[in-house]
Amino acid sequence: KRDIQSAAVVVKPGTPANEALKAAAGAKKDRGLVVDLREWKSDTYTNTALKFDVQATVCDASGNPLATVARQGDENLGGSLMDPPGHAKDAVPPAFKKTMESLLNAPEIVAALQ
């Protein structure tokens with residue numbers, strides 16, 4: 001929506017953050033954005049619990065960090081006595097969207113990408 005040209009850089013799971021920043025710099029763009037999903041776990045019995053730890057880092061063309069924002073949480077997403085798994089399938093994706101939007105719309109990240 002903001003008319004930003006982008007290119008995806010894929011790294012293997014477990015790649016250290018500094019290596020991911022180097023890979024982003026290898027894309028030859030003015031800025032790189034590395035999103036690190038350190039933890040994303042949902043667990044459902046009756047209610048759905050969500051535990052997460054995510055971080056976004058913007059780097060310059062050399063891979064030097066310009067801004068970093070992290071979000072952690074341990075949330076109760078509610079539940080359903082009749083269909084707990086169905087509730088989890090409905091509740092977790094919007095929670096992911098909300099968390100990622102909060103992370104990527106943080107003022108520090110937006111400013112560093114400009």
# chains A, B, ... in the order shown; residues from 1 in each chain; ligands from 1
>>> residues_around(residues="Leu37 of chain A", least_positions_apart="4", cutoff="7 Å", atoms="only C-alpha atoms", output="list in words")
Asp53, Val54 and Gln55 of chain A
>>> residues_around(residues="Ala17 of chain A", least_positions_apart="2", cutoff="10 Å", atoms="only C-alpha atoms", output="PyMOL selection string")
chain A and resi 14-15+19-23+34-36+55+57
>>> closest_residue(among="A:Ala7, A:Leu81, A:Cys59, A:Phe96", to="Glu39 of chain A", atoms="only C-alpha atoms")
A:Phe96
>>> select_by_dssp(residues="chain A", states="alpha helix (DSSP H)", output="NGL selection string")
:A and (17-25 or 84-104 or 107-113)
>>> select_by_dssp(residues="chain A", states="strand (DSSP E or B)", output="mmCIF file with C-alpha atoms, in the first residue's frame")
data_model
loop_
_atom_site.group_PDB
_atom_site.id
_atom_site.type_symbol
_atom_site.label_atom_id
_atom_site.label_comp_id
_atom_site.auth_asym_id
_atom_site.auth_seq_id
_atom_site.Cartn_x
_atom_site.Cartn_y
_atom_site.Cartn_z
ATOM 1 C CA ARG A 31 16.964 -1.170 3.665
ATOM 2 C CA GLY A 32 16.402 -4.681 4.915
ATOM 3 C CA LEU A 33 13.725 -5.946 7.260
ATOM 4 C CA VAL A 34 14.369 -9.104 9.261
ATOM 5 C CA VAL A 35 11.465 -10.635 11.186
ATOM 6 C CA ASP A 36 12.567 -13.161 13.800
ATOM 7 C CA LEU A 37 9.852 -15.485 15.124
ATOM 8 C CA ARG A 38 11.632 -16.624 18.256
ATOM 9 C CA GLU A 39 8.540 -18.310 19.657
ATOM 10 C CA TRP A 40 4.971 -18.751 18.441
ATOM 11 C CA LYS A 41 3.020 -21.369 20.347
ATOM 12 C CA SER A 42 -0.676 -21.894 20.870
ATOM 13 C CA ASP A 43 -2.105 -24.504 23.201
ATOM 14 C CA THR A 44 -5.756 -25.435 23.536
ATOM 15 C CA ASN A 47 -9.303 -22.032 26.211
ATOM 16 C CA THR A 48 -6.595 -21.167 23.710
ATOM 17 C CA ALA A 49 -3.357 -19.855 25.158
ATOM 18 C CA LEU A 50 -0.888 -18.041 22.918
ATOM 19 C CA LYS A 51 2.737 -17.451 23.823
ATOM 20 C CA PHE A 52 4.907 -15.451 21.447
ATOM 21 C CA ASP A 53 8.233 -13.669 21.122
ATOM 22 C CA VAL A 54 8.854 -11.865 17.818
ATOM 23 C CA GLN A 55 11.331 -9.202 16.765
ATOM 24 C CA ALA A 56 11.718 -6.978 13.708
ATOM 25 C CA THR A 57 15.002 -5.320 12.775
ATOM 26 C CA VAL A 58 15.571 -2.815 9.987
ATOM 27 C CA CYS A 59 19.102 -2.693 8.606
ATOM 28 C CA ASP A 60 20.885 -0.477 6.128
ATOM 29 C CA PRO A 65 20.833 -2.422 12.418
ATOM 30 C CA LEU A 66 18.900 0.876 12.292
ATOM 31 C CA ALA A 67 15.917 -0.034 14.485
ATOM 32 C CA THR A 68 14.727 -3.049 16.440
ATOM 33 C CA VAL A 69 11.321 -3.653 17.998
ATOM 34 C CA ALA A 70 10.214 -6.761 19.872
ATOM 35 C CA ARG A 71 6.853 -8.017 21.035
ATOM 36 C CA GLN A 72 6.348 -10.727 23.641
ATOM 37 C CA GLY A 73 3.138 -12.013 25.110
ATOM 38 C CA ASP A 74 1.281 -14.730 26.916
ATOM 39 C CA GLU A 75 -2.386 -14.289 26.021
ATOM 40 C CA ASN A 76 -5.647 -16.066 26.663
ATOM 41 C CA LEU A 77 -7.566 -16.047 23.371
ATOM 42 C CA GLY A 78 -10.744 -17.386 24.925
ATOM 43 C CA GLY A 79 -12.315 -20.726 24.228
#
>>> closest_residue(among="A:Ala25, A:Ala8, A:Tyr45, A:Pro16", to="Met82 of chain A", atoms="only C-alpha atoms")
A:Tyr45
